[in-house]
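The file start27.pdb contains PDB, C-alpha atoms:
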ATOM      1  CA  MET K   1      11.147   0.908 -31.343  1.00  0.00           C
ATOM      2  CA  SER K   2       8.805   0.664 -28.405  1.00  0.00           C
ATOM      3  CA  ILE K   3       9.045   1.160 -24.653  1.00  0.00           C
ATOM      4  CA  GLU K   4       6.517   0.167 -22.017  1.00  0.00           C
ATOM      5  CA  VAL K   5       7.042   0.878 -18.316  1.00  0.00           C
ATOM      6  CA  GLN K   6       4.690  -0.073 -15.514  1.00  0.00           C
ATOM      7  CA  ILE K   7       4.857   0.198 -11.739  1.00  0.00           C
ATOM      8  CA  ILE K   8       2.302  -2.296 -10.474  1.00  0.00           C
ATOM      9  CA  ASP K   9       0.774  -2.585  -7.002  1.00  0.00           C
ATOM     10  CA  GLY K  10       1.575  -6.011  -5.552  1.00  0.00           C
ATOM     11  CA  PRO K  11       2.962  -9.081  -7.339  1.00  0.00           C
ATOM     12  CA  LEU K  12       3.269  -9.164 -11.122  1.00  0.00           C
ATOM     13  CA  ALA K  13       1.023 -11.418 -13.167  1.00  0.00           C
ATOM     14  CA  GLU K  14       2.467 -14.869 -13.710  1.00  0.00           C
ATOM     15  CA  GLN K  15       1.675 -14.923 -17.398  1.00  0.00           C
ATOM     16  CA  PRO K  16       3.320 -11.932 -19.054  1.00  0.00           C
ATOM     17  CA  ARG K  17       2.015 -10.340 -22.189  1.00  0.00           C
ATOM     18  CA  LEU K  18       4.771 -11.009 -24.691  1.00  0.00           C
ATOM     19  CA  PRO K  19       5.329  -8.399 -27.354  1.00  0.00           C
ATOM     20  CA  VAL K  20       5.171  -9.151 -31.051  1.00  0.00           C
ATOM     21  CA  ILE K  21       7.919  -7.115 -32.679  1.00  0.00           C
ATOM     22  CA  ASP K  22       8.576  -7.005 -36.403  1.00  0.00           C
ATOM     23  CA  GLY K  23      12.168  -7.865 -37.194  1.00  0.00           C
ATOM     24  CA  ALA K  24      12.960  -9.441 -33.843  1.00  0.00           C
ATOM     25  CA  GLY K  25      15.008 -12.616 -33.850  1.00  0.00           C
ATOM     26  CA  ALA K  26      15.240 -12.854 -30.081  1.00  0.00           C
ATOM     27  CA  ILE K  27      12.943 -12.117 -27.168  1.00  0.00           C
ATOM     28  CA  LEU K  28      14.650 -12.196 -23.791  1.00  0.00           C
ATOM     29  CA  HIS K  29      12.569 -12.454 -20.675  1.00  0.00           C
ATOM     30  CA  PHE K  30      13.925 -11.945 -17.148  1.00  0.00           C
ATOM     31  CA  GLU K  31      11.900 -12.159 -13.941  1.00  0.00           C
ATOM     32  CA  GLY K  32      12.914 -11.341 -10.394  1.00  0.00           C
ATOM     33  CA  VAL K  33      11.268 -13.558  -7.784  1.00  0.00           C
ATOM     34  CA  VAL K  34      11.198 -12.976  -4.021  1.00  0.00           C
ATOM     35  CA  ARG K  35      13.597 -15.478  -2.441  1.00  0.00           C
ATOM     36  CA  PRO K  36      12.497 -17.426   0.653  1.00  0.00           C
ATOM     37  CA  LEU K  37      15.586 -16.637   2.739  1.00  0.00           C
ATOM     38  CA  GLU K  38      17.360 -13.418   3.714  1.00  0.00           C
ATOM     39  CA  ASP K  39      20.580 -13.831   5.705  1.00  0.00           C
ATOM     40  CA  GLY K  40      19.469 -17.345   6.577  1.00  0.00           C
ATOM     41  CA  ARG K  41      16.100 -16.252   7.962  1.00  0.00           C
ATOM     42  CA  GLN K  42      12.747 -17.208   6.505  1.00  0.00           C
ATOM     43  CA  LEU K  43      11.061 -14.339   4.738  1.00  0.00           C
ATOM     44  CA  ALA K  44       7.355 -13.708   4.489  1.00  0.00           C
ATOM     45  CA  GLY K  45       7.943 -11.302   1.611  1.00  0.00           C
ATOM     46  CA  LEU K  46       9.254  -7.909   0.593  1.00  0.00           C
ATOM     47  CA  GLU K  47       7.682  -4.494   0.872  1.00  0.00           C
ATOM     48  CA  TYR K  48       8.631  -2.313  -2.101  1.00  0.00           C
ATOM     49  CA  GLN K  49       8.603   1.472  -2.065  1.00  0.00           C
ATOM     50  CA  ALA K  50       8.898   3.484  -5.271  1.00  0.00           C
ATOM     51  CA  TYR K  51       9.425   7.229  -5.548  1.00  0.00           C
ATOM     52  CA  GLU K  52       7.074   8.205  -8.337  1.00  0.00           C
ATOM     53  CA  PRO K  53       7.088   9.592 -10.964  1.00  0.00           C
ATOM     54  CA  MET K  54      10.890   9.523 -10.806  1.00  0.00           C
ATOM     55  CA  ALA K  55      11.053   5.713 -10.700  1.00  0.00           C
ATOM     56  CA  SER K  56       8.987   5.353 -13.881  1.00  0.00           C
ATOM     57  CA  ARG K  57      10.967   8.102 -15.604  1.00  0.00           C
ATOM     58  CA  MET K  58      14.273   6.449 -14.742  1.00  0.00           C
ATOM     59  CA  LEU K  59      13.034   3.072 -15.991  1.00  0.00           C
ATOM     60  CA  HIS K  60      12.015   4.761 -19.234  1.00  0.00           C
ATOM     61  CA  THR K  61      15.462   6.390 -19.483  1.00  0.00           C
ATOM     62  CA  LEU K  62      17.150   3.002 -19.038  1.00  0.00           C
ATOM     63  CA  ALA K  63      14.903   1.477 -21.686  1.00  0.00           C
ATOM     64  CA  GLN K  64      15.779   4.274 -24.115  1.00  0.00           C
ATOM     65  CA  ALA K  65      19.478   3.710 -23.346  1.00  0.00           C
ATOM     66  CA  ALA K  66      19.059   0.028 -24.213  1.00  0.00           C
ATOM     67  CA  ILE K  67      17.674   1.056 -27.604  1.00  0.00           C
ATOM     68  CA  ASP K  68      20.261   3.765 -28.224  1.00  0.00           C
ATOM     69  CA  GLU K  69      23.345   1.910 -26.991  1.00  0.00           C
ATOM     70  CA  HIS K  70      22.559  -1.687 -27.937  1.00  0.00           C
ATOM     71  CA  GLY K  71      20.172  -1.302 -30.844  1.00  0.00           C
ATOM     72  CA  VAL K  72      17.411  -3.432 -29.363  1.00  0.00           C
ATOM     73  CA  LEU K  73      13.936  -3.133 -30.847  1.00  0.00           C
ATOM     74  CA  ALA K  74      11.641  -3.055 -27.834  1.00  0.00           C
ATOM     75  CA  VAL K  75      11.785  -2.948 -24.053  1.00  0.00           C
ATOM     76  CA  ARG K  76       9.007  -3.762 -21.627  1.00  0.00           C
ATOM     77  CA  VAL K  77       9.607  -3.402 -17.894  1.00  0.00           C
ATOM     78  CA  GLU K  78       7.334  -4.024 -14.918  1.00  0.00           C
ATOM     79  CA  HIS K  79       8.196  -3.478 -11.267  1.00  0.00           C
ATOM     80  CA  SER K  80       6.136  -4.070  -8.163  1.00  0.00           C
ATOM     81  CA  ARG K  81       5.480  -1.686  -5.350  1.00  0.00           C
ATOM     82  CA  GLY K  82       3.916  -2.594  -2.040  1.00  0.00           C
ATOM     83  CA  TRP K  83       3.691  -6.107  -0.700  1.00  0.00           C
ATOM     84  CA  VAL K  84       5.110  -9.076  -2.638  1.00  0.00           C
ATOM     85  CA  PRO K  85       5.158 -12.457  -0.891  1.00  0.00           C
ATOM     86  CA  VAL K  86       7.879 -15.078  -1.185  1.00  0.00           C
ATOM     87  CA  GLY K  87       7.790 -16.870  -4.522  1.00  0.00           C
ATOM     88  CA  ALA K  88       5.971 -14.092  -6.346  1.00  0.00           C
ATOM     89  CA  ARG K  89       7.379 -12.001  -9.157  1.00  0.00           C
ATOM     90  CA  SER K  90       8.424  -8.427  -8.409  1.00  0.00           C
ATOM     91  CA  PHE K  91      10.377  -7.459 -11.525  1.00  0.00           C
ATOM     92  CA  ARG K  92      10.090  -8.330 -15.200  1.00  0.00           C
ATOM     93  CA  LEU K  93      12.196  -7.177 -18.132  1.00  0.00           C
ATOM     94  CA  ILE K  94      11.432  -8.217 -21.687  1.00  0.00           C
ATOM     95  CA  ILE K  95      13.749  -7.162 -24.481  1.00  0.00           C
ATOM     96  CA  ALA K  96      13.239  -7.850 -28.163  1.00  0.00           C
ATOM     97  CA  SER K  97      16.270  -7.622 -30.427  1.00  0.00           C
ATOM     98  CA  ARG K  98      17.363  -8.671 -33.881  1.00  0.00           C
ATOM     99  CA  HIS K  99      20.007 -10.992 -32.455  1.00  0.00           C
ATOM    100  CA  ARG K 100      20.720 -12.677 -29.130  1.00  0.00           C
ATOM    101  CA  LYS K 101      23.951 -10.890 -28.302  1.00  0.00           C
ATOM    102  CA  GLU K 102      22.741  -7.308 -28.206  1.00  0.00           C
ATOM    103  CA  GLY K 103      19.655  -8.358 -26.299  1.00  0.00           C
ATOM    104  CA  LEU K 104      21.688 -10.110 -23.606  1.00  0.00           C
ATOM    105  CA  ALA K 105      24.088  -7.172 -23.317  1.00  0.00           C
ATOM    106  CA  ALA K 106      21.208  -4.717 -23.056  1.00  0.00           C
ATOM    107  CA  MET K 107      19.502  -6.785 -20.385  1.00  0.00           C
ATOM    108  CA  ASP K 108      22.651  -7.006 -18.272  1.00  0.00           C
ATOM    109  CA  ALA K 109      23.292  -3.264 -18.553  1.00  0.00           C
ATOM    110  CA  PHE K 110      19.672  -2.394 -17.776  1.00  0.00           C
ATOM    111  CA  ILE K 111      19.611  -4.425 -14.562  1.00  0.00           C
ATOM    112  CA  ASP K 112      22.990  -3.080 -13.414  1.00  0.00           C
ATOM    113  CA  ARG K 113      21.722   0.478 -13.855  1.00  0.00           C
ATOM    114  CA  LEU K 114      18.392  -0.322 -12.235  1.00  0.00           C
ATOM    115  CA  LYS K 115      20.237  -1.328  -9.091  1.00  0.00           C
ATOM    116  CA  CYS K 116      22.126   2.006  -9.044  1.00  0.00           C
ATOM    117  CA  ASP K 117      19.763   4.655 -10.324  1.00  0.00           C
ATOM    118  CA  VAL K 118      16.088   3.762 -10.000  1.00  0.00           C
ATOM    119  CA  PRO K 119      14.530   5.027  -6.755  1.00  0.00           C
ATOM    120  CA  ILE K 120      12.927   1.814  -5.581  1.00  0.00           C
ATOM    121  CA  TRP K 121      13.631   0.214  -2.205  1.00  0.00           C
ATOM    122  CA  LYS K 122      12.712  -3.118  -0.714  1.00  0.00           C
ATOM    123  CA  SER K 123      12.339  -3.961   2.962  1.00  0.00           C
ATOM    124  CA  PRO K 124      12.352  -7.567   4.144  1.00  0.00           C
ATOM    125  CA  VAL K 125       9.450  -8.787   6.250  1.00  0.00           C
ATOM    126  CA  PHE K 126      10.348 -11.961   8.099  1.00  0.00           C
ATOM    127  CA  ALA K 127       8.015 -14.826   8.788  1.00  0.00           C
ATOM    128  CA  PRO K 128       6.552 -14.687  12.314  1.00  0.00           C
ATOM    129  CA  ASP K 129       8.277 -17.899  13.331  1.00  0.00           C
ATOM    130  CA  ALA K 130      11.576 -17.132  11.579  1.00  0.00           C
ATOM    131  CA  GLU K 131      14.595 -18.195  13.595  1.00  0.00           C
ATOM    132  CA  ASP K 132      17.331 -15.679  14.213  1.00  0.00           C
ATOM    133  CA  GLY K 133      20.036 -15.655  11.587  1.00  0.00           C
ATOM    134  CA  PRO K 134      23.567 -16.940  12.064  1.00  0.00           C
TER
ATOM    135  CA  MET W   1      12.287  29.403   5.235  1.00  0.00           C
ATOM    136  CA  THR W   2      12.556  25.634   5.063  1.00  0.00           C
ATOM    137  CA  ILE W   3      13.347  22.982   2.495  1.00  0.00           C
ATOM    138  CA  GLU W   4      11.348  19.821   2.971  1.00  0.00           C
ATOM    139  CA  VAL W   5      13.467  16.767   2.182  1.00  0.00           C
ATOM    140  CA  LEU W   6      11.683  13.535   1.257  1.00  0.00           C
ATOM    141  CA  LEU W   7      13.179  10.347   2.683  1.00  0.00           C
ATOM    142  CA  PHE W   8      12.803   6.741   1.574  1.00  0.00           C
ATOM    143  CA  GLY W   9      13.917   3.243   2.524  1.00  0.00           C
ATOM    144  CA  PRO W  10      16.845   3.052   4.956  1.00  0.00           C
ATOM    145  CA  ALA W  11      17.054   6.855   5.238  1.00  0.00           C
ATOM    146  CA  ALA W  12      13.425   7.078   6.326  1.00  0.00           C
ATOM    147  CA  ARG W  13      13.944   4.312   8.846  1.00  0.00           C
ATOM    148  CA  ALA W  14      17.100   5.969  10.209  1.00  0.00           C
ATOM    149  CA  ALA W  15      15.354   9.316  10.612  1.00  0.00           C
ATOM    150  CA  GLN W  16      12.060   7.712  11.685  1.00  0.00           C
ATOM    151  CA  ALA W  17      10.322  10.064   9.269  1.00  0.00           C
ATOM    152  CA  ASP W  18       9.437  10.176   5.590  1.00  0.00           C
ATOM    153  CA  ARG W  19      10.216  13.899   5.321  1.00  0.00           C
ATOM    154  CA  LEU W  20      12.369  16.380   7.191  1.00  0.00           C
ATOM    155  CA  PRO W  21      11.950  20.159   7.141  1.00  0.00           C
ATOM    156  CA  VAL W  22      15.386  21.784   7.032  1.00  0.00           C
ATOM    157  CA  PRO W  23      15.577  25.498   7.969  1.00  0.00           C
ATOM    158  CA  ILE W  24      17.645  27.645   5.598  1.00  0.00           C
ATOM    159  CA  ASP W  25      18.973  31.175   6.049  1.00  0.00           C
ATOM    160  CA  GLY W  26      17.810  32.684   2.759  1.00  0.00           C
ATOM    161  CA  PRO W  27      15.581  31.951  -0.206  1.00  0.00           C
ATOM    162  CA  GLN W  28      18.023  29.438  -1.733  1.00  0.00           C
ATOM    163  CA  ILE W  29      20.658  26.900  -0.741  1.00  0.00           C
ATOM    164  CA  THR W  30      22.955  24.505  -2.576  1.00  0.00           C
ATOM    165  CA  CYS W  31      22.407  20.777  -2.217  1.00  0.00           C
ATOM    166  CA  GLY W  32      25.897  20.544  -0.729  1.00  0.00           C
ATOM    167  CA  ASP W  33      24.982  22.953   2.050  1.00  0.00           C
ATOM    168  CA  LEU W  34      21.683  21.156   2.516  1.00  0.00           C
ATOM    169  CA  ARG W  35      23.594  17.896   2.945  1.00  0.00           C
ATOM    170  CA  ALA W  36      25.725  19.489   5.696  1.00  0.00           C
ATOM    171  CA  ARG W  37      22.653  20.858   7.453  1.00  0.00           C
ATOM    172  CA  LEU W  38      20.935  17.469   7.275  1.00  0.00           C
ATOM    173  CA  ALA W  39      23.939  15.825   8.903  1.00  0.00           C
ATOM    174  CA  LYS W  40      23.784  18.261  11.816  1.00  0.00           C
ATOM    175  CA  GLN W  41      20.024  18.189  12.160  1.00  0.00           C
ATOM    176  CA  ALA W  42      19.603  14.420  11.888  1.00  0.00           C
ATOM    177  CA  PRO W  43      22.738  12.660  13.158  1.00  0.00           C
ATOM    178  CA  ASP W  44      21.125   9.268  12.547  1.00  0.00           C
ATOM    179  CA  LEU W  45      21.146  10.106   8.831  1.00  0.00           C
ATOM    180  CA  ALA W  46      24.783  11.187   8.761  1.00  0.00           C
ATOM    181  CA  ARG W  47      26.250   7.767   8.038  1.00  0.00           C
ATOM    182  CA  LEU W  48      23.970   7.379   4.993  1.00  0.00           C
ATOM    183  CA  LEU W  49      24.642  10.793   3.482  1.00  0.00           C
ATOM    184  CA  PRO W  50      28.013  10.120   1.780  1.00  0.00           C
ATOM    185  CA  ALA W  51      26.433   7.426  -0.397  1.00  0.00           C
ATOM    186  CA  SER W  52      23.249   9.407  -1.047  1.00  0.00           C
ATOM    187  CA  ARG W  53      22.296  11.722  -3.881  1.00  0.00           C
ATOM    188  CA  PHE W  54      19.716  14.445  -4.100  1.00  0.00           C
ATOM    189  CA  ALA W  55      16.926  14.460  -6.645  1.00  0.00           C
ATOM    190  CA  VAL W  56      15.334  17.819  -7.370  1.00  0.00           C
ATOM    191  CA  ASN W  57      11.999  17.795  -9.135  1.00  0.00           C
ATOM    192  CA  HIS W  58      12.508  14.096  -9.923  1.00  0.00           C
ATOM    193  CA  ALA W  59      15.989  14.296 -11.459  1.00  0.00           C
ATOM    194  CA  PHE W  60      19.372  13.594  -9.913  1.00  0.00           C
ATOM    195  CA  VAL W  61      21.474  16.719  -9.338  1.00  0.00           C
ATOM    196  CA  GLU W  62      24.994  17.586  -8.240  1.00  0.00           C
ATOM    197  CA  ASP W  63      25.731  19.169  -4.871  1.00  0.00           C
ATOM    198  CA  SER W  64      26.277  22.500  -6.665  1.00  0.00           C
ATOM    199  CA  CYS W  65      22.595  22.626  -7.626  1.00  0.00           C
ATOM    200  CA  ILE W  66      20.771  25.608  -6.108  1.00  0.00           C
ATOM    201  CA  ILE W  67      17.341  24.894  -4.697  1.00  0.00           C
ATOM    202  CA  SER W  68      14.506  26.844  -3.121  1.00  0.00           C
ATOM    203  CA  PRO W  69      11.492  25.874  -0.999  1.00  0.00           C
ATOM    204  CA  ALA W  70       9.370  25.575  -4.158  1.00  0.00           C
ATOM    205  CA  ASP W  71      11.433  22.600  -5.366  1.00  0.00           C
ATOM    206  CA  GLU W  72      10.628  18.986  -4.564  1.00  0.00           C
ATOM    207  CA  VAL W  73      13.765  17.633  -2.947  1.00  0.00           C
ATOM    208  CA  ALA W  74      14.365  13.949  -2.240  1.00  0.00           C
ATOM    209  CA  LEU W  75      17.304  12.236  -0.628  1.00  0.00           C
ATOM    210  CA  ILE W  76      18.045   9.113  -2.666  1.00  0.00           C
ATOM    211  CA  GLY W  77      20.184   6.664  -0.738  1.00  0.00           C
ATOM    212  CA  LEU W  78      21.331   3.277  -1.977  1.00  0.00           C
ATOM    213  CA  VAL W  79      18.455   1.801  -3.943  1.00  0.00           C
ATOM    214  CA  SER W  80      17.438  -1.850  -3.957  1.00  0.00           C
ATOM    215  CA  GLY W  81      14.968  -2.450  -6.730  1.00  0.00           C
ATOM    216  CA  GLY W  82      14.804  -5.510  -8.917  1.00  0.00           C
TER
END
Entire entry expressed as structure tokens:
Amino acid sequence: MSIEVQIIDGPLAEQPRLPVIDGAGAILHFEGVVRPLEDGRQLAGLEYQAYEPMASRMLHTLAQAAIDEHGVLAVRVEHSRGWVPVGARSFRLIIASRHRKEGLAAMDAFIDRLKCDVPIWKSPVFAPDAEDGP
Amino acid sequence: MTIEVLLFGPAARAAQADRLPVPIDGPQITCGDLRARLAKQAPDLARLLPASRFAVNHAFVEDSCIISPADEVALIGLVSGG
């Protein structure tokens, strides 16, 4: 079983380093990308703030829960802090599991918990010429 | 004595500060009492407090947790990572 957690300044690399895990029959890969619109207004990007080291510890706790509760083999998670422009990646979760089902369940549970318990916040920064929303 | 409360995200914007010193009467206080004092001291934060939790030394705690000025105390409002 392996866990890797990284908080990275700025956007994540576009080509992730995929793990090679003995016994894995599935590798699931999820990426969060900064959307171009927020409430109908054009975004320039998002500014992420992370409370460290608590954010990294909580991500590690969620990864361990994925192993303990779903039996997955490996979890790698990356999250941005600081400035991430529209179209860039800000979150990546890679889960290796023996079979598809437990990997998908673990991924869903991880992201749900991330959005409740990991002290990371994003603030929208709108494009200078963005029109007012509806 | 004071407890310094770290603020992030919407809470920091509401208070227009990334930390707030909260005076306390003795060497310790519960997080529940700290929450009540924060609401009085920073009314702009009050609407965010019911949905917020405290983290003490980087771990979530209940309102019954007793803290002192030596602890690192953070107010963790609704998070928005991912």
Interatomic distance, atom CA of Ala55 of chain W to atom CA of Gly71 of chain K (Å, one decimal):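 For atom CA of Ala55 of chain W relative to atom CA of Gly71 of chain K, the distance reads 29.1 Å.
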Interatomic distance (Å, one decimal) between atom CA of Ile76 of chain W and atom CA of Arg53 of chain W: 5.1 Å
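For the choices W:Lys40, W:Leu7, W:Leu49, W:Ala17, the atom-to-atom distance to chain K is smallest for W:Leu7 when using all atoms listed in the file.
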Selection: 6 Å around Pro21 of chain W, only C-alpha atoms, excl. self and same-chain fewer than 5 positions, as a PyMOL selection string: chain W and resi 2-4
Nearest residue to chain K from the set W:Ser68, W:Asn57, W:Gln16, W:Gln28 (distances using all atoms listed in the file):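 Answer, going by the shortest atom-to-atom distance: W:Asn57.
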